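Here is the file my_file_24.cif (mmCIF, C-alpha atoms).
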data_entry
loop_
_atom_site.label_atom_id
_atom_site.label_comp_id
_atom_site.auth_asym_id
_atom_site.auth_seq_id
_atom_site.Cartn_x
_atom_site.Cartn_y
_atom_site.Cartn_z
CA MET A 1 -4.93 -1.52 -13.91
CA GLN A 2 -3.43 1.21 -11.75
CA LYS A 3 -6.38 0.95 -9.39
CA THR A 4 -5.22 -2.48 -8.25
CA ALA A 5 -1.56 -1.42 -8.05
CA HIS A 6 -2.32 1.31 -5.50
CA LYS A 7 -5.06 -0.44 -3.55
CA ASP A 8 -2.70 -2.00 -1.02
CA GLY A 9 0.14 0.53 -1.24
CA ALA A 10 1.60 2.52 1.62
CA CYS A 11 0.17 5.90 0.58
CA PRO A 12 -3.26 6.62 2.14
CA THR A 13 -4.11 9.02 -0.70
CA ALA A 14 -3.36 6.39 -3.34
CA ARG A 15 -5.36 3.75 -1.43
CA ALA A 16 -8.38 6.07 -1.25
CA ILE A 17 -8.19 7.09 -4.91
CA ALA A 18 -7.89 3.44 -5.94
CA ARG A 19 -11.34 2.92 -4.44
CA VAL A 20 -13.22 6.08 -5.43
CA GLY A 21 -10.89 7.93 -7.80
CA ASP A 22 -12.92 7.85 -10.97
CA THR A 23 -15.57 10.40 -11.84
CA TRP A 24 -18.47 7.98 -11.96
CA SER A 25 -17.79 6.48 -8.53
CA VAL A 26 -17.63 9.89 -6.89
CA LEU A 27 -20.84 10.99 -8.65
CA ILE A 28 -22.61 7.76 -7.66
CA LEU A 29 -21.63 8.43 -4.04
CA ARG A 30 -22.87 12.02 -4.39
CA GLU A 31 -26.23 10.71 -5.64
CA ALA A 32 -26.37 8.22 -2.77
CA PHE A 33 -25.95 11.14 -0.35
CA TYR A 34 -28.78 12.92 -2.20
CA GLY A 35 -30.97 9.88 -1.46
CA THR A 36 -30.72 7.95 -4.73
CA ALA A 37 -30.74 4.21 -4.11
CA ARG A 38 -32.11 2.40 -7.17
CA PHE A 39 -30.23 1.47 -10.34
CA ASP A 40 -32.68 3.17 -12.71
CA ASP A 41 -32.58 6.38 -10.67
CA PHE A 42 -28.76 6.45 -10.68
CA GLN A 43 -28.80 5.88 -14.44
CA LYS A 44 -31.39 8.57 -15.09
CA ARG A 45 -29.76 11.19 -12.85
CA LEU A 46 -26.21 10.58 -14.07
CA GLY A 47 -26.78 9.69 -17.73
CA ILE A 48 -24.35 6.78 -17.31
CA ALA A 49 -24.42 3.67 -19.51
CA PRO A 50 -25.96 0.64 -17.75
CA ASN A 51 -22.83 -1.52 -18.11
CA MET A 52 -20.64 1.25 -16.64
CA LEU A 53 -23.10 1.82 -13.78
CA THR A 54 -23.18 -1.90 -13.02
CA ARG A 55 -19.36 -2.03 -12.84
CA ARG A 56 -19.12 1.05 -10.63
CA LEU A 57 -21.90 -0.06 -8.26
CA ASN A 58 -20.29 -3.51 -7.95
CA SER A 59 -16.93 -1.89 -7.23
CA LEU A 60 -18.40 0.42 -4.56
CA VAL A 61 -20.13 -2.58 -2.95
CA ASP A 62 -16.90 -4.63 -3.10
CA GLU A 63 -15.01 -1.76 -1.43
CA GLY A 64 -17.61 -1.53 1.35
CA LEU A 65 -18.87 1.97 0.47
CA LEU A 66 -22.32 0.81 -0.61
CA ALA A 67 -24.41 -2.22 0.36
CA ARG A 68 -27.07 -3.99 -1.67
CA ARG A 69 -30.50 -4.25 -0.11
CA PRO A 70 -33.28 -6.21 -1.85
CA TYR A 71 -36.48 -4.24 -2.41
CA CYS A 72 -38.33 -6.51 -4.85
CA ALA A 73 -38.42 -10.31 -5.02
CA HIS A 74 -40.06 -10.74 -8.46
CA PRO A 75 -38.18 -9.66 -10.45
CA PRO A 76 -35.25 -9.57 -8.03
CA ARG A 77 -34.14 -5.96 -7.55
CA ASP A 78 -31.65 -4.36 -5.20
CA GLU A 79 -31.15 -0.85 -4.03
CA TYR A 80 -27.80 0.57 -2.99
CA VAL A 81 -27.36 2.23 0.39
CA LEU A 82 -24.38 3.91 1.97
CA THR A 83 -22.46 1.90 4.56
CA ALA A 84 -20.63 3.47 7.50
CA ARG A 85 -17.49 3.54 5.34
CA GLY A 86 -19.47 5.22 2.55
CA ARG A 87 -20.93 7.80 4.96
CA ASP A 88 -17.37 8.57 6.10
CA PHE A 89 -16.74 9.82 2.54
CA ARG A 90 -19.13 12.74 3.15
CA PRO A 91 -16.49 15.26 4.32
CA VAL A 92 -14.44 14.52 1.19
CA LEU A 93 -17.47 15.09 -1.00
CA LEU A 94 -18.40 18.30 0.82
CA THR A 95 -14.84 19.60 0.47
CA LEU A 96 -14.83 18.78 -3.27
CA MET A 97 -18.19 20.52 -3.63
CA ASP A 98 -16.93 23.65 -1.89
CA TRP A 99 -13.65 23.71 -3.83
CA GLY A 100 -15.43 23.20 -7.16
CA ASP A 101 -17.96 25.91 -6.37
CA ARG A 102 -15.24 28.41 -5.41
CA HIS A 103 -12.89 27.71 -8.32
CA PHE A 104 -14.79 26.28 -11.28
CA ALA A 105 -18.40 27.44 -11.18
CA ASP A 106 -19.89 29.64 -13.87
CA GLN A 107 -22.55 30.38 -11.33
CA THR A 108 -22.05 29.73 -7.63
CA GLY A 109 -24.65 28.44 -5.26
CA THR A 110 -26.16 25.48 -7.10
CA VAL A 111 -25.95 23.56 -3.82
CA ARG A 112 -24.95 24.61 -0.34
CA LEU A 113 -24.37 23.05 3.06
CA VAL A 114 -26.93 24.25 5.58
CA GLU A 115 -27.10 23.94 9.37
CA ARG A 116 -30.31 22.05 10.24
CA GLN A 117 -31.27 24.07 13.31
CA THR A 118 -30.79 27.58 11.94
CA GLY A 119 -30.91 27.24 8.14
CA ARG A 120 -27.61 29.12 8.00
CA THR A 121 -25.27 28.35 5.11
CA VAL A 122 -22.10 26.75 6.46
CA ARG A 123 -18.61 27.71 5.34
CA ILE A 124 -16.49 24.58 5.10
CA ALA A 125 -13.10 24.52 6.82
CA LEU A 126 -10.72 21.73 7.68
CA VAL A 127 -10.04 21.77 11.42
CA ASP A 128 -8.15 19.68 13.97
CA ALA A 129 -10.78 17.54 15.69
CA ASP A 130 -8.96 17.77 19.03
CA THR A 131 -8.37 21.52 19.17
CA GLY A 132 -10.82 23.00 16.69
CA GLN A 133 -7.89 24.90 15.16
CA ARG A 134 -8.20 25.52 11.42
CA ILE A 135 -5.66 23.49 9.43
CA THR A 136 -3.57 25.76 7.22
CA GLU A 137 -0.48 25.36 5.08
CA THR A 138 1.27 27.92 7.27
CA ASP A 139 0.64 26.15 10.58
CA HIS A 140 0.67 22.46 9.56
CA TYR A 141 2.78 20.09 7.50
CA ILE A 142 2.72 16.43 6.56
CA ALA A 143 5.16 14.34 8.59
CA ALA A 144 6.28 10.75 8.22
CA GLY A 145 4.27 8.17 10.11
CA ASP A 146 5.61 5.10 11.89
CA ALA A 147 5.36 2.94 8.74
CA ALA A 148 6.95 5.48 6.36
CA SER A 149 9.82 4.27 4.20
CA PRO A 150 13.21 5.98 4.43
CA ALA A 151 12.62 7.49 0.96
CA LEU A 152 9.28 8.98 2.05
CA ARG A 153 10.82 10.27 5.28
CA ALA A 154 13.51 12.05 3.25
CA ARG A 155 10.97 13.57 0.82
CA LEU A 156 8.76 14.81 3.64
CA ALA A 157 11.73 16.21 5.56
CA ARG A 158 12.71 18.21 2.46
CA SER A 159 9.15 19.57 2.10
CA ALA A 160 8.85 20.70 5.74
CA PRO A 161 9.45 24.41 6.36
CA PRO A 162 12.97 25.30 7.53
CA GLY A 163 13.46 24.96 11.27
CA THR A 164 10.47 22.65 11.66
CA PRO A 165 10.99 20.24 14.55
CA PRO A 166 10.30 16.57 13.84
CA ALA A 167 6.79 15.47 14.76
CA SER A 168 6.94 14.33 18.37
CA HIS A 169 3.30 13.59 19.06
CA PRO A 170 1.86 10.12 18.65
CA THR A 171 0.56 9.32 15.19
CA PRO A 172 -3.14 8.40 14.90
CA SER A 173 -2.15 4.75 14.42
CA SER A 174 -0.31 4.71 17.75
CA SER A 175 -2.79 6.87 19.62
CA PRO A 176 -4.92 4.91 22.09
CA THR A 177 -8.05 6.82 21.01
CA SER A 178 -7.64 6.40 17.24
CA ARG A 179 -10.25 4.69 15.08
CA ALA A 180 -9.44 1.76 12.84
#
I'd like the structure from this file rewritten - as structure tokens, please.
Amino acid sequence: MQKTAHKDGACPTARAIARVGDTWSVLILREAFYGTARFDDFQKRLGIAPNMLTRRLNSLVDEGLLARRPYCAHPPRDEYVLTARGRDFRPVLLTLMDWGDRHFADQTGTVRLVERQTGRTVRIALVDADTGQRITETDHYIAAGDAASPALRARLARSAPPGTPPASHPTPSSSPTSRA
């Protein structure tokens, strides 16, 4: 119910969660990144009921995160592959993995992100793509975008550190080099 209510809302976080915000959907995407593509393999690896898996796969296809690709004509069978939109979820998944490993693991190191060329374990950090500067709570804040409501503008203004100047740079939506 709530999923539909937030799907077309103004908040980008709510819109994203409406599409992938349940445990099974995130774990299905994780398995897709691990190379799982077939229904039976998703079911076996996740221990999910078939009816629940069917609903979640259909939802991820409807949202454009996965695509069906036939692999058998008789009987008809599809596999599920990540789309460009689904592959764009990778940084979110990697950040969740890192956060979960640092804060909730009985034993750390069950999986790690590794640089292909050197085999070096990578430490995940959120950085500004333009400057390479690490994004921190101290140096960055969330500002109202062009489409923000007056109520959201007021809330964000209250949450900004004292003396913070209003954001004067173009928002990604108004930037000529932004992606849709």
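Using all atoms listed in the file, the shortest contact distance between Asp22 (chain A) and any of A:Met52, A:Ala144, A:Ala105, A:Ala10 is found at A:Met52.
With only C-alpha atoms as the atoms that count, the residue of A:Thr164, A:Val81, A:Arg153, A:Arg158 with the shortest distance to Asp139 (chain A) is A:Thr164.
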Which residue gives the smallest distance to Arg90 (chain A) among A:Arg68, A:Asp130, A:Leu29, A:Thr23, with only C-alpha atoms counted? A:Leu29
Spell out the residues picked by the PyMOL selection byres ((chain A and resi 159) around 12) here, as a PyMOL selection string. chain A and resi 137+140-144+152-158+160-164
Once the PyMOL selection byres ((chain A and resi 59) around 12) has been evaluated on this model, what residues remain selected, and can you format them as number ranges by chain? A: 3-4, 18-22, 24-26, 28-29, 52-58, 60-68, 80
Name the residues captured by the PyMOL selection byres ((chain A and resi 112) around 9) when it is applied to the shown file; answer as a PyMOL selection string. chain A and resi 97-98+109-111+113-114+121-122
Find the spatial neighbours of Arg45 (chain A), counting all atoms listed in the file, within a cut-off of 10 Å - ignore same-chain residues fewer than 4 positions away - and output them as a list in words. Leu27, Ile28, Glu31, Thr36, Asp40 and Asp41 of chain A
Take the selection from the previous step and output its residues with C-alpha atoms, as a CSV table (one decimal), in the coordinates of the input.
chain,number,residue,atom,x,y,z
A,27,LEU,CA,-20.8,11.0,-8.6
A,28,ILE,CA,-22.6,7.8,-7.7
A,31,GLU,CA,-26.2,10.7,-5.6
A,36,THR,CA,-30.7,8.0,-4.7
A,40,ASP,CA,-32.7,3.2,-12.7
A,41,ASP,CA,-32.6,6.4,-10.7
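The interatomic distance for the pair CA of Gly47 (chain A) and CA of Arg30 (chain A) works out to 14.1 Å.
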Please output region 19-51 of chain A, rebuilt to include N, CA and C atoms, as a PDB file, in the coordinates of the input.
ATOM      1  N   ARG A  19      -9.979   3.390  -4.719  1.00  0.00           N
ATOM      2  CA  ARG A  19     -11.340   2.920  -4.440  1.00  0.00           C
ATOM      3  C   ARG A  19     -12.425   3.849  -4.975  1.00  0.00           C
ATOM      4  N   VAL A  20     -12.170   5.138  -5.000  1.00  0.00           N
ATOM      5  CA  VAL A  20     -13.220   6.080  -5.430  1.00  0.00           C
ATOM      6  C   VAL A  20     -12.697   7.131  -6.404  1.00  0.00           C
ATOM      7  N   GLY A  21     -11.552   6.894  -7.029  1.00  0.00           N
ATOM      8  CA  GLY A  21     -10.890   7.930  -7.800  1.00  0.00           C
ATOM      9  C   GLY A  21     -11.379   8.171  -9.204  1.00  0.00           C
ATOM     10  N   ASP A  22     -12.435   7.518  -9.645  1.00  0.00           N
ATOM     11  CA  ASP A  22     -12.920   7.850 -10.970  1.00  0.00           C
ATOM     12  C   ASP A  22     -14.189   8.703 -10.835  1.00  0.00           C
ATOM     13  N   THR A  23     -14.453   9.455 -11.861  1.00  0.00           N
ATOM     14  CA  THR A  23     -15.570  10.400 -11.840  1.00  0.00           C
ATOM     15  C   THR A  23     -16.882   9.724 -11.511  1.00  0.00           C
ATOM     16  N   TRP A  24     -17.174   8.617 -12.169  1.00  0.00           N
ATOM     17  CA  TRP A  24     -18.470   7.980 -11.960  1.00  0.00           C
ATOM     18  C   TRP A  24     -18.668   7.517 -10.520  1.00  0.00           C
ATOM     19  N   SER A  25     -17.646   6.952  -9.914  1.00  0.00           N
ATOM     20  CA  SER A  25     -17.790   6.480  -8.530  1.00  0.00           C
ATOM     21  C   SER A  25     -18.086   7.624  -7.578  1.00  0.00           C
ATOM     22  N   VAL A  26     -17.390   8.734  -7.748  1.00  0.00           N
ATOM     23  CA  VAL A  26     -17.630   9.890  -6.890  1.00  0.00           C
ATOM     24  C   VAL A  26     -19.053  10.425  -7.111  1.00  0.00           C
ATOM     25  N   LEU A  27     -19.494  10.493  -8.369  1.00  0.00           N
ATOM     26  CA  LEU A  27     -20.840  10.990  -8.650  1.00  0.00           C
ATOM     27  C   LEU A  27     -21.923  10.028  -8.161  1.00  0.00           C
ATOM     28  N   ILE A  28     -21.654   8.735  -8.222  1.00  0.00           N
ATOM     29  CA  ILE A  28     -22.610   7.760  -7.660  1.00  0.00           C
ATOM     30  C   ILE A  28     -22.722   7.970  -6.158  1.00  0.00           C
ATOM     31  N   LEU A  29     -21.591   8.163  -5.481  1.00  0.00           N
ATOM     32  CA  LEU A  29     -21.630   8.430  -4.040  1.00  0.00           C
ATOM     33  C   LEU A  29     -22.374   9.728  -3.747  1.00  0.00           C
ATOM     34  N   ARG A  30     -22.137  10.753  -4.564  1.00  0.00           N
ATOM     35  CA  ARG A  30     -22.870  12.020  -4.390  1.00  0.00           C
ATOM     36  C   ARG A  30     -24.373  11.760  -4.467  1.00  0.00           C
ATOM     37  N   GLU A  31     -24.795  11.011  -5.484  1.00  0.00           N
ATOM     38  CA  GLU A  31     -26.230  10.710  -5.640  1.00  0.00           C
ATOM     39  C   GLU A  31     -26.760   9.907  -4.462  1.00  0.00           C
ATOM     40  N   ALA A  32     -25.944   8.991  -3.946  1.00  0.00           N
ATOM     41  CA  ALA A  32     -26.370   8.220  -2.770  1.00  0.00           C
ATOM     42  C   ALA A  32     -26.601   9.151  -1.583  1.00  0.00           C
ATOM     43  N   PHE A  33     -25.741  10.158  -1.421  1.00  0.00           N
ATOM     44  CA  PHE A  33     -25.950  11.140  -0.350  1.00  0.00           C
ATOM     45  C   PHE A  33     -27.195  11.977  -0.598  1.00  0.00           C
ATOM     46  N   TYR A  34     -27.552  12.184  -1.855  1.00  0.00           N
ATOM     47  CA  TYR A  34     -28.780  12.920  -2.200  1.00  0.00           C
ATOM     48  C   TYR A  34     -30.023  12.045  -2.020  1.00  0.00           C
ATOM     49  N   GLY A  35     -29.838  10.758  -1.712  1.00  0.00           N
ATOM     50  CA  GLY A  35     -30.970   9.880  -1.460  1.00  0.00           C
ATOM     51  C   GLY A  35     -31.274   8.891  -2.571  1.00  0.00           C
ATOM     52  N   THR A  36     -30.516   8.907  -3.637  1.00  0.00           N
ATOM     53  CA  THR A  36     -30.720   7.950  -4.730  1.00  0.00           C
ATOM     54  C   THR A  36     -30.277   6.578  -4.249  1.00  0.00           C
ATOM     55  N   ALA A  37     -31.072   5.553  -4.567  1.00  0.00           N
ATOM     56  CA  ALA A  37     -30.740   4.210  -4.110  1.00  0.00           C
ATOM     57  C   ALA A  37     -30.933   3.149  -5.205  1.00  0.00           C
ATOM     58  N   ARG A  38     -31.774   3.423  -6.183  1.00  0.00           N
ATOM     59  CA  ARG A  38     -32.110   2.400  -7.170  1.00  0.00           C
ATOM     60  C   ARG A  38     -31.355   2.611  -8.477  1.00  0.00           C
ATOM     61  N   PHE A  39     -31.026   1.475  -9.116  1.00  0.00           N
ATOM     62  CA  PHE A  39     -30.230   1.470 -10.340  1.00  0.00           C
ATOM     63  C   PHE A  39     -30.787   2.438 -11.375  1.00  0.00           C
ATOM     64  N   ASP A  40     -32.077   2.321 -11.684  1.00  0.00           N
ATOM     65  CA  ASP A  40     -32.680   3.170 -12.710  1.00  0.00           C
ATOM     66  C   ASP A  40     -32.574   4.646 -12.366  1.00  0.00           C
ATOM     67  N   ASP A  41     -32.679   4.972 -11.088  1.00  0.00           N
ATOM     68  CA  ASP A  41     -32.580   6.380 -10.670  1.00  0.00           C
ATOM     69  C   ASP A  41     -31.143   6.892 -10.817  1.00  0.00           C
ATOM     70  N   PHE A  42     -30.154   6.056 -10.462  1.00  0.00           N
ATOM     71  CA  PHE A  42     -28.760   6.450 -10.680  1.00  0.00           C
ATOM     72  C   PHE A  42     -28.534   6.703 -12.175  1.00  0.00           C
ATOM     73  N   GLN A  43     -29.021   5.777 -12.998  1.00  0.00           N
ATOM     74  CA  GLN A  43     -28.800   5.880 -14.440  1.00  0.00           C
ATOM     75  C   GLN A  43     -29.452   7.146 -14.996  1.00  0.00           C
ATOM     76  N   LYS A  44     -30.667   7.412 -14.591  1.00  0.00           N
ATOM     77  CA  LYS A  44     -31.390   8.570 -15.090  1.00  0.00           C
ATOM     78  C   LYS A  44     -30.718   9.875 -14.633  1.00  0.00           C
ATOM     79  N   ARG A  45     -30.331   9.950 -13.385  1.00  0.00           N
ATOM     80  CA  ARG A  45     -29.760  11.190 -12.850  1.00  0.00           C
ATOM     81  C   ARG A  45     -28.349  11.469 -13.372  1.00  0.00           C
ATOM     82  N   LEU A  46     -27.592  10.410 -13.645  1.00  0.00           N
ATOM     83  CA  LEU A  46     -26.210  10.580 -14.070  1.00  0.00           C
ATOM     84  C   LEU A  46     -26.010  10.492 -15.580  1.00  0.00           C
ATOM     85  N   GLY A  47     -26.960   9.882 -16.293  1.00  0.00           N
ATOM     86  CA  GLY A  47     -26.780   9.690 -17.730  1.00  0.00           C
ATOM     87  C   GLY A  47     -25.650   8.730 -18.042  1.00  0.00           C
ATOM     88  N   ILE A  48     -25.437   7.763 -17.183  1.00  0.00           N
ATOM     89  CA  ILE A  48     -24.350   6.780 -17.310  1.00  0.00           C
ATOM     90  C   ILE A  48     -24.880   5.527 -18.012  1.00  0.00           C
ATOM     91  N   ALA A  49     -24.038   4.910 -18.827  1.00  0.00           N
ATOM     92  CA  ALA A  49     -24.420   3.670 -19.510  1.00  0.00           C
ATOM     93  C   ALA A  49     -24.651   2.569 -18.479  1.00  0.00           C
ATOM     94  N   PRO A  50     -25.641   1.699 -18.727  1.00  0.00           N
ATOM     95  CA  PRO A  50     -25.960   0.640 -17.750  1.00  0.00           C
ATOM     96  C   PRO A  50     -24.773  -0.260 -17.406  1.00  0.00           C
ATOM     97  N   ASN A  51     -23.963  -0.632 -18.404  1.00  0.00           N
ATOM     98  CA  ASN A  51     -22.830  -1.520 -18.110  1.00  0.00           C
ATOM     99  C   ASN A  51     -21.795  -0.812 -17.226  1.00  0.00           C
TER     100      ASN A  51
END
